[in-house]
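Novice: Structure file final-v8.txt (compact mmCIF, C-alpha atoms) right here:
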```txt
# COMPACT_ATOMS: atom_id res chain seq x y z
CA GLU A 1 11.73 -72.61 52.20
CA ALA A 2 12.91 -71.12 55.52
CA ALA A 3 10.29 -68.37 55.40
CA TYR A 4 7.45 -70.84 54.86
CA ALA A 5 8.81 -73.09 57.60
CA LEU A 6 8.90 -70.16 60.01
CA ALA A 7 5.38 -69.07 59.07
CA ALA A 8 3.98 -72.56 59.52
CA ARG A 9 5.48 -72.73 63.00
CA ILE A 10 4.61 -69.31 64.43
CA GLN A 11 2.18 -67.30 62.31
CA ASP A 12 -0.99 -67.91 64.33
CA SER A 13 0.92 -67.20 67.53
CA VAL A 14 2.00 -63.90 66.04
CA TRP A 15 -1.47 -62.95 64.79
CA PRO A 16 -4.76 -64.86 65.11
CA GLY A 17 -5.85 -66.29 61.77
CA LEU A 18 -2.74 -65.30 59.83
CA SER A 19 -2.49 -68.84 58.48
CA ARG A 20 -5.80 -68.29 56.64
CA ALA A 21 -4.29 -65.55 54.47
CA PRO A 22 -3.04 -66.36 50.96
CA PHE A 23 0.70 -66.83 50.77
CA GLY A 24 1.58 -66.68 47.09
CA THR A 25 5.04 -65.21 46.49
CA LEU A 26 6.86 -63.98 43.40
CA TYR A 27 10.61 -64.19 43.96
CA VAL A 28 12.53 -61.91 41.59
CA ASP A 29 16.18 -62.48 40.77
CA SER A 30 18.36 -60.68 38.20
CA THR A 31 16.89 -62.47 35.17
CA ARG A 32 13.86 -64.52 36.22
CA GLU A 33 10.75 -64.53 38.41
CA PHE A 34 9.70 -67.60 40.37
CA ALA A 35 6.05 -67.82 41.34
CA VAL A 36 5.54 -69.95 44.44
CA GLY A 37 1.97 -70.98 45.23
CA VAL A 38 0.50 -68.20 43.08
CA GLU A 39 -2.95 -68.75 41.59
CA GLY A 40 -4.21 -67.35 38.28
CA LEU A 41 -0.82 -66.84 36.65
CA PRO A 42 -0.94 -65.14 33.24
CA ASP A 43 0.57 -66.49 30.04
CA GLY A 44 4.33 -66.48 30.05
CA PHE A 45 4.86 -68.55 33.17
CA VAL A 46 6.06 -72.14 32.82
CA ARG A 47 5.43 -74.69 35.54
CA LEU A 48 8.59 -76.36 36.81
CA ALA A 49 7.72 -80.03 36.84
CA GLY A 50 8.47 -81.60 40.20
CA ALA A 51 9.61 -78.33 41.77
CA ARG A 52 7.84 -77.45 45.01
CA VAL A 53 8.58 -75.10 47.90
CA ALA A 54 6.92 -76.13 51.16
CA GLY A 55 4.43 -78.12 49.10
CA ARG A 56 3.64 -75.20 46.77
CA GLU A 57 3.98 -75.38 42.99
CA VAL A 58 6.64 -73.26 41.31
CA ALA A 59 6.47 -71.52 37.93
CA VAL A 60 9.02 -69.29 36.19
CA ARG A 61 9.14 -66.56 33.56
CA PRO A 62 11.70 -63.95 32.41
CA ARG A 63 11.99 -61.03 34.83
CA GLU A 64 9.48 -58.17 34.51
CA PHE A 65 9.53 -56.62 37.98
CA SER A 66 12.47 -54.80 39.54
CA PRO A 67 14.85 -57.17 41.39
CA ASN A 68 14.86 -54.90 44.46
CA LEU A 69 11.07 -54.69 44.74
CA LEU A 70 9.45 -55.41 48.09
CA ALA A 71 5.68 -55.07 47.88
CA THR A 72 2.33 -56.84 48.12
CA PHE A 73 -0.56 -56.25 45.74
CA PRO A 74 -2.97 -58.20 43.49
CA ALA A 75 -0.51 -58.54 40.61
CA PHE A 76 -2.29 -61.33 38.74
CA GLY A 77 -5.96 -60.93 39.60
CA ARG A 78 -7.75 -60.41 42.89
CA THR A 79 -5.48 -62.29 45.26
CA PRO A 80 -2.63 -60.25 46.79
CA VAL A 81 0.83 -61.58 45.94
CA ILE A 82 4.14 -60.83 47.66
CA ILE A 83 6.72 -59.62 45.15
CA ILE A 84 10.19 -59.68 46.62
CA GLY A 85 13.79 -59.58 45.46
CA SER A 86 16.70 -61.44 46.99
CA PRO A 87 18.17 -60.52 50.39
CA GLU A 88 21.12 -58.94 48.58
CA ALA A 89 18.93 -56.88 46.25
CA THR A 90 16.66 -55.73 49.08
CA ARG A 91 19.67 -55.06 51.35
CA LYS A 92 18.61 -57.37 54.14
CA SER A 93 20.28 -60.19 55.99
CA SER A 94 18.75 -63.58 55.32
CA THR A 95 17.09 -63.60 58.76
CA ALA A 96 15.67 -60.10 58.33
CA TRP A 97 14.49 -61.11 54.85
CA ILE A 98 12.33 -64.00 56.04
CA LEU A 99 10.84 -61.79 58.77
CA THR A 100 10.07 -59.12 56.17
CA LEU A 101 8.27 -61.79 54.19
CA LEU A 102 5.97 -62.25 57.19
CA HIS A 103 5.41 -58.46 57.25
CA GLU A 104 4.28 -58.75 53.63
CA HIS A 105 2.23 -61.85 54.43
CA PHE A 106 0.29 -59.74 56.92
CA HIS A 107 -0.50 -57.33 54.08
CA GLN A 108 -2.04 -60.32 52.34
CA LEU A 109 -4.30 -60.86 55.35
CA GLN A 110 -5.35 -57.20 55.23
CA MET A 111 -5.96 -57.08 51.50
CA ALA A 112 -7.73 -60.43 51.27
CA ASP A 113 -10.36 -59.32 53.78
CA THR A 114 -13.68 -59.01 51.93
CA ALA A 115 -14.33 -55.49 53.24
CA TYR A 116 -10.85 -54.12 52.51
CA VAL A 117 -11.29 -52.71 49.01
CA ALA A 118 -14.56 -50.94 49.80
CA ALA A 119 -13.12 -49.55 53.03
CA VAL A 120 -10.06 -48.15 51.23
CA GLN A 121 -12.22 -46.64 48.53
CA GLY A 122 -14.44 -45.18 51.24
CA LEU A 123 -11.53 -43.13 52.53
CA GLY A 124 -11.92 -40.94 49.44
CA LEU A 125 -8.18 -40.31 49.16
CA ALA A 126 -7.40 -41.70 45.69
CA ARG A 127 -8.49 -38.53 43.87
CA GLY A 128 -8.75 -40.27 40.54
CA ASP A 129 -5.68 -42.48 40.94
CA SER A 130 -6.60 -46.06 40.08
CA THR A 131 -3.05 -47.43 40.44
CA GLY A 132 -2.84 -47.30 44.23
CA MET A 133 0.20 -45.02 44.11
CA TRP A 134 -1.70 -42.45 46.19
CA MET A 135 -0.91 -44.66 49.18
CA LEU A 136 2.75 -43.70 48.72
CA ASN A 137 2.42 -40.22 47.24
CA PHE A 138 -0.45 -38.62 49.15
CA ALA A 139 0.33 -34.96 49.92
CA PHE A 140 0.37 -35.26 53.72
CA PRO A 141 1.59 -32.08 55.49
CA TYR A 142 4.95 -33.56 56.49
CA ASP A 143 6.62 -30.14 56.42
CA SER A 144 4.07 -28.33 58.59
CA ALA A 145 5.76 -27.11 61.78
CA GLY A 146 2.57 -27.61 63.76
CA VAL A 147 2.06 -31.18 62.54
CA GLN A 148 5.72 -32.03 63.16
CA SER A 149 5.49 -30.69 66.70
CA ALA A 150 2.30 -32.61 67.51
CA PHE A 151 3.65 -35.79 65.92
CA ALA A 152 6.94 -35.51 67.82
CA ALA A 153 5.19 -35.00 71.17
CA ALA A 154 2.97 -38.05 70.61
CA ALA A 155 5.88 -40.19 69.37
CA ARG A 156 8.08 -39.43 72.38
CA GLN A 157 5.25 -40.12 74.81
CA LEU A 158 4.54 -43.37 72.97
CA ALA A 159 8.14 -44.51 73.46
CA ALA A 160 7.99 -43.60 77.13
CA ALA A 161 4.70 -45.46 77.62
CA ILE A 162 6.11 -48.58 75.93
CA ARG A 163 9.20 -48.59 78.14
CA SER A 164 7.31 -47.91 81.38
CA PRO A 165 3.80 -49.37 81.08
CA SER A 166 1.12 -47.66 83.17
CA PRO A 167 -2.47 -46.43 82.73
CA ALA A 168 -1.23 -42.86 83.13
CA GLY A 169 1.40 -43.30 80.43
CA ARG A 170 -1.12 -44.76 78.02
CA ALA A 171 -3.66 -42.05 78.73
CA GLY A 172 -0.99 -39.41 78.19
CA PHE A 173 -0.19 -40.83 74.77
CA TRP A 174 -3.82 -41.02 73.66
CA ARG A 175 -4.39 -37.39 74.64
CA LEU A 176 -1.43 -36.34 72.49
CA TYR A 177 -2.59 -38.62 69.68
CA ASP A 178 -6.02 -36.99 69.76
CA ALA A 179 -4.34 -33.59 69.65
CA LEU A 180 -2.36 -34.69 66.59
CA LEU A 181 -5.51 -35.86 64.82
CA SER A 182 -7.42 -32.71 65.79
CA GLY A 183 -4.78 -30.56 64.10
CA LEU A 184 -5.15 -32.33 60.75
CA GLY A 185 -7.66 -31.74 57.99
CA PRO A 186 -10.17 -34.56 57.36
CA ASP A 187 -8.28 -36.12 54.43
CA ASP A 188 -4.91 -35.88 56.20
CA ARG A 189 -6.43 -37.47 59.30
CA ARG A 190 -7.83 -40.36 57.27
CA TYR A 191 -4.50 -40.87 55.54
CA LEU A 192 -2.62 -40.99 58.82
CA ILE A 193 -4.91 -43.52 60.47
CA PHE A 194 -4.91 -45.62 57.29
CA GLN A 195 -1.10 -45.73 57.19
CA LEU A 196 -0.82 -46.54 60.91
CA TRP A 197 -3.36 -49.36 60.52
CA GLN A 198 -1.84 -50.81 57.35
CA GLU A 199 1.92 -50.22 57.48
CA GLY A 200 2.44 -49.59 61.17
CA VAL A 201 0.74 -52.77 62.30
CA SER A 202 2.56 -54.76 59.62
CA ARG A 203 5.81 -53.51 61.14
CA TYR A 204 4.49 -54.57 64.56
CA VAL A 205 3.78 -58.06 63.14
CA GLU A 206 7.33 -58.23 61.79
CA LEU A 207 8.68 -57.43 65.26
CA ARG A 208 6.39 -59.91 66.98
CA ALA A 209 7.40 -62.59 64.48
CA ALA A 210 11.05 -62.01 65.34
CA GLU A 211 10.35 -62.12 69.08
CA VAL A 212 8.17 -65.24 68.88
CA ALA A 213 10.72 -66.98 66.63
CA ALA A 214 13.49 -66.11 69.10
CA ARG A 215 11.69 -68.11 71.78
CA GLY A 216 11.84 -71.48 70.08
CA PHE A 217 12.13 -71.60 66.30
CA VAL A 218 15.32 -73.29 65.11
CA PRO A 219 16.06 -72.75 61.40
CA SER A 220 17.52 -75.54 59.33
CA GLU A 221 21.25 -76.17 59.46
CA ALA A 222 21.53 -75.01 55.86
CA PHE A 223 19.93 -71.67 56.72
CA ARG A 224 22.07 -71.24 59.83
CA SER A 225 25.19 -71.84 57.74
CA LEU A 226 24.51 -68.84 55.49
CA PRO A 227 27.29 -66.22 55.85
CA ASP A 228 24.83 -63.44 56.73
CA TYR A 229 22.69 -65.49 59.14
CA ARG A 230 21.74 -63.73 62.37
CA PRO A 231 19.82 -65.35 65.27
CA CYS A 232 16.19 -64.20 65.50
CA ALA A 233 16.82 -62.93 69.03
CA GLU A 234 19.50 -60.58 67.75
CA VAL A 235 17.34 -59.32 64.89
CA ALA A 236 14.35 -58.89 67.22
CA GLY A 237 16.37 -56.85 69.69
CA ARG A 238 17.70 -54.56 67.01
CA MET A 239 14.25 -54.15 65.49
CA ARG A 240 12.66 -53.14 68.79
CA GLU A 241 15.53 -50.75 69.49
CA ALA A 242 15.13 -49.20 66.03
CA ILE A 243 11.40 -48.64 66.55
CA LEU A 244 11.95 -46.97 69.91
CA ALA A 245 14.85 -44.92 68.54
CA GLU A 246 12.63 -43.54 65.77
CA LEU A 247 9.96 -42.65 68.32
CA ASP A 248 12.53 -40.99 70.59
CA ALA A 249 13.91 -38.91 67.71
CA PRO A 250 11.00 -38.33 65.33
CA ASP A 251 11.76 -36.72 61.97
CA LEU A 252 8.49 -36.39 60.10
CA GLY A 253 9.96 -33.94 57.61
CA GLY A 254 12.88 -36.24 56.81
CA ARG A 255 11.44 -39.74 57.03
CA ARG A 256 8.00 -38.66 55.82
CA ARG A 257 5.63 -41.63 55.28
CA VAL A 258 8.17 -44.10 56.72
CA SER A 259 7.65 -42.36 60.08
CA PHE A 260 4.26 -44.02 60.30
CA TYR A 261 5.79 -47.52 60.41
CA ALA A 262 7.44 -47.09 63.80
CA PHE A 263 4.56 -45.00 65.13
CA GLY A 264 1.96 -47.62 64.19
CA ALA A 265 4.15 -50.44 65.48
CA GLY A 266 4.46 -48.55 68.74
CA ILE A 267 0.70 -48.24 69.01
CA GLY A 268 0.47 -52.02 68.59
CA LEU A 269 2.93 -52.52 71.43
CA LEU A 270 0.96 -50.07 73.56
CA LEU A 271 -2.32 -51.87 72.87
CA ASP A 272 -0.67 -55.14 73.89
CA GLN A 273 -0.32 -53.74 77.41
CA THR A 274 -4.07 -54.12 77.94
CA GLY A 275 -4.38 -57.54 76.30
CA PRO A 276 -4.53 -59.14 72.84
CA GLY A 277 -8.20 -58.37 72.19
CA TRP A 278 -7.42 -55.51 69.84
CA ARG A 279 -5.93 -58.00 67.39
CA GLU A 280 -9.17 -59.97 67.29
CA ALA A 281 -11.08 -56.79 66.38
CA TYR A 282 -8.47 -55.37 64.01
CA LEU A 283 -10.00 -56.34 60.66
CA ALA A 284 -13.51 -55.38 61.75
CA ARG A 285 -12.36 -51.97 63.00
CA LYS A 286 -10.84 -50.75 59.74
CA PHE A 287 -8.31 -47.95 60.16
CA ASP A 288 -9.04 -47.52 63.86
CA LEU A 289 -6.34 -48.39 66.37
CA ARG A 290 -7.87 -46.58 69.33
CA PRO A 291 -8.37 -48.53 72.56
CA PRO A 292 -11.78 -49.45 73.96
CA ARG A 293 -13.68 -46.59 75.57
CA ARG A 294 -13.17 -48.12 78.98
CA GLU A 295 -9.59 -46.84 78.76
CA GLY A 296 -11.07 -43.37 79.08
CA VAL A 297 -10.09 -42.18 75.62
CA ARG A 298 -12.63 -40.41 73.49
CA GLY A 299 -10.76 -40.79 70.17
CA LEU A 300 -11.44 -39.15 66.83
CA ARG A 301 -12.34 -40.27 63.35
```
As structure tokens, what does this structure read like?

Specialist:
Amino acid sequence: EAAYALAARIQDSVWPGLSRAPFGTLYVDSTREFAVGVEGLPDGFVRLAGARVAGREVAVRPREFSPNLLATFPAFGRTPVIIIGSPEATRKSSTAWILTLLHEHFHQLQMADTAYVAAVQGLGLARGDSTGMWMLNFAFPYDSAGVQSAFAAAARQLAAAIRSPSPAGRAGFWRLYDALLSGLGPDDRRYLIFQLWQEGVSRYVELRAAEVAARGFVPSEAFRSLPDYRPCAEVAGRMREAILAELDAPDLGGRRRVSFYAFGAGIGLLLDQTGPGWREAYLARKFDLRPPRREGVRGLR
């Protein structure tokens, strides 16, 4: 209930049009799964008469998914569904948990876009995998010394440019970013820009949600009375610090794909320095987070 209340209050301030995305959620506990506002449920679910969460119907079935799962995908048809375990099972405070739900809700916006599936297929990275697991398991050259060096240089400059905004700082980052892309093979380059666009910007949305909520959203008294409750301002501050800390001390070989979350979130923060227009163009410019050419950046595909 708290997550839906937060979304209703802030989501379009966080990202234009986010309220138009589907918001079906499958909440997984130790023995059961509760579908909230999910369309096209398969046999096995039973509607709970009179039970509603933020006006959405609720259905239940015995548990099938892992109780610590945290993912978004079209589990029951074409519409992407958030599948999420409890705060305890996912090792998050209650406040961080509802903000993570907005991260996953942004994935629903991405995946519900009519051009998304064709664009992902057009990357040519699945290599016969029809399950989507290639998105997690793609053989990116994380252990290449040259790639690690180029990634680290770009990450550190990105952190510096976020902390001290200036045209020179931004231009310095984009030059290093282009150098990073230039040193990758075509498939590796496409995988990197895909991950930055999909996971990195979702992490950015999670941070923005925390920061926007900190400026005026007041959770219910019941939510604030939870033993693990943390104010949104506190969570937002820690989240921003964590993103910058990962950029300051990059570890591509250790963090591997997770490195792209902070890097992509950082690019979002950098793009914010020149205005919000990049968010309006985000879905149309699939897998391309480069700034407009007027910034003096040539960019690469």

Novice: Please determine the residues with any atom at most 10 Å from (10.7, -59.1, 31.7) (coordinates as given in the file, with only C-alpha atoms counting) and report them as a list in words.

Specialist: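 Within 10 Å of (10.7, -59.1, 31.7), the protein and nucleic acid residues are Thr31, Arg32, Glu33, Gly44, Arg61, Pro62, Arg63, Glu64, Phe65 and Ser66 of chain A.
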
Novice: Nearest to A:Asp178 among A:Phe260, A:Phe151, A:Trp134, A:Tyr229, with distances taken over only C-alpha atoms: which residue is it?

Specialist: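 Looking only at the distances to A:Asp178, the closest residue turns out to be A:Phe151.
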
Novice: Can you tell me which residues surround stretch 16-28 of chain A at a distance of at most 6 Å, considering all atoms listed in the file, apart from same-chain residues fewer than 3 positions away, and format the answer as a VMD selection string?

Specialist: chain A and resid 11 to 12 33 to 38 67 81 to 85 109

Novice: Using all atoms listed in the file, find all polymer residues with an atom at most 8 Å away from the point (-1.5, -51.9, 45.0); report them as a PDB file with C-alpha atoms, in the coordinates of the input.

Specialist:
```pdb
ATOM      1  CA  THR A  72       2.330 -56.840  48.120  1.00  0.00           C
ATOM      2  CA  PHE A  73      -0.560 -56.250  45.740  1.00  0.00           C
ATOM      3  CA  PRO A  74      -2.970 -58.200  43.490  1.00  0.00           C
ATOM      4  CA  THR A 131      -3.050 -47.430  40.440  1.00  0.00           C
ATOM      5  CA  GLY A 132      -2.840 -47.300  44.230  1.00  0.00           C
ATOM      6  CA  MET A 133       0.200 -45.020  44.110  1.00  0.00           C
TER       7      MET A 133
END
```

Novice: Of the residues A:Tyr177, A:Val53, A:Gln148, A:Glu88, which is the one nearest to A:Gly253, using only C-alpha atoms?

Specialist: A:Gln148

Novice: Quick one: residues within 7 Å of stretch 211-226 of chain A, all atoms listed in the file, excluding same-chain residues fewer than 3 positions away - as number ranges by chain?

Specialist: A: 2, 10, 14, 207-208, 229, 232-233, 236

Novice: Have a look at atom CA of A:Gln195 and atom CA of A:Tyr261 and let me know their distance in Å, one decimal.

Specialist: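 A separation of 7.8 Å between them.
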
Novice: Under the rule that all atoms listed in the file are counted, which of A:Ala150, A:Ala171, A:Val60, A:Ala209 is the nearest residue to A:Leu184?

Specialist: A:Ala150

Novice: Identify, on the basis of only C-alpha atoms, every residue whose closest approach to A:Leu270 does not exceed 9 Å; exclude the query and any residue fewer than 4 positions from it along the same chain; express the result as a PyMOL selection string.

Specialist: chain A and resi 158+161-162+165+170+265-266+274

Novice: Using all atoms listed in the file, which of A:Ala168, A:Ala155, A:Leu70, A:Leu125 sits nearest A:Asp188?

Specialist: A:Leu125

Novice: Can you work out the spacing between atom CA of A:Ala112 and atom CA of A:Val201 in Å, to one decimal?

Specialist: 15.9 Å
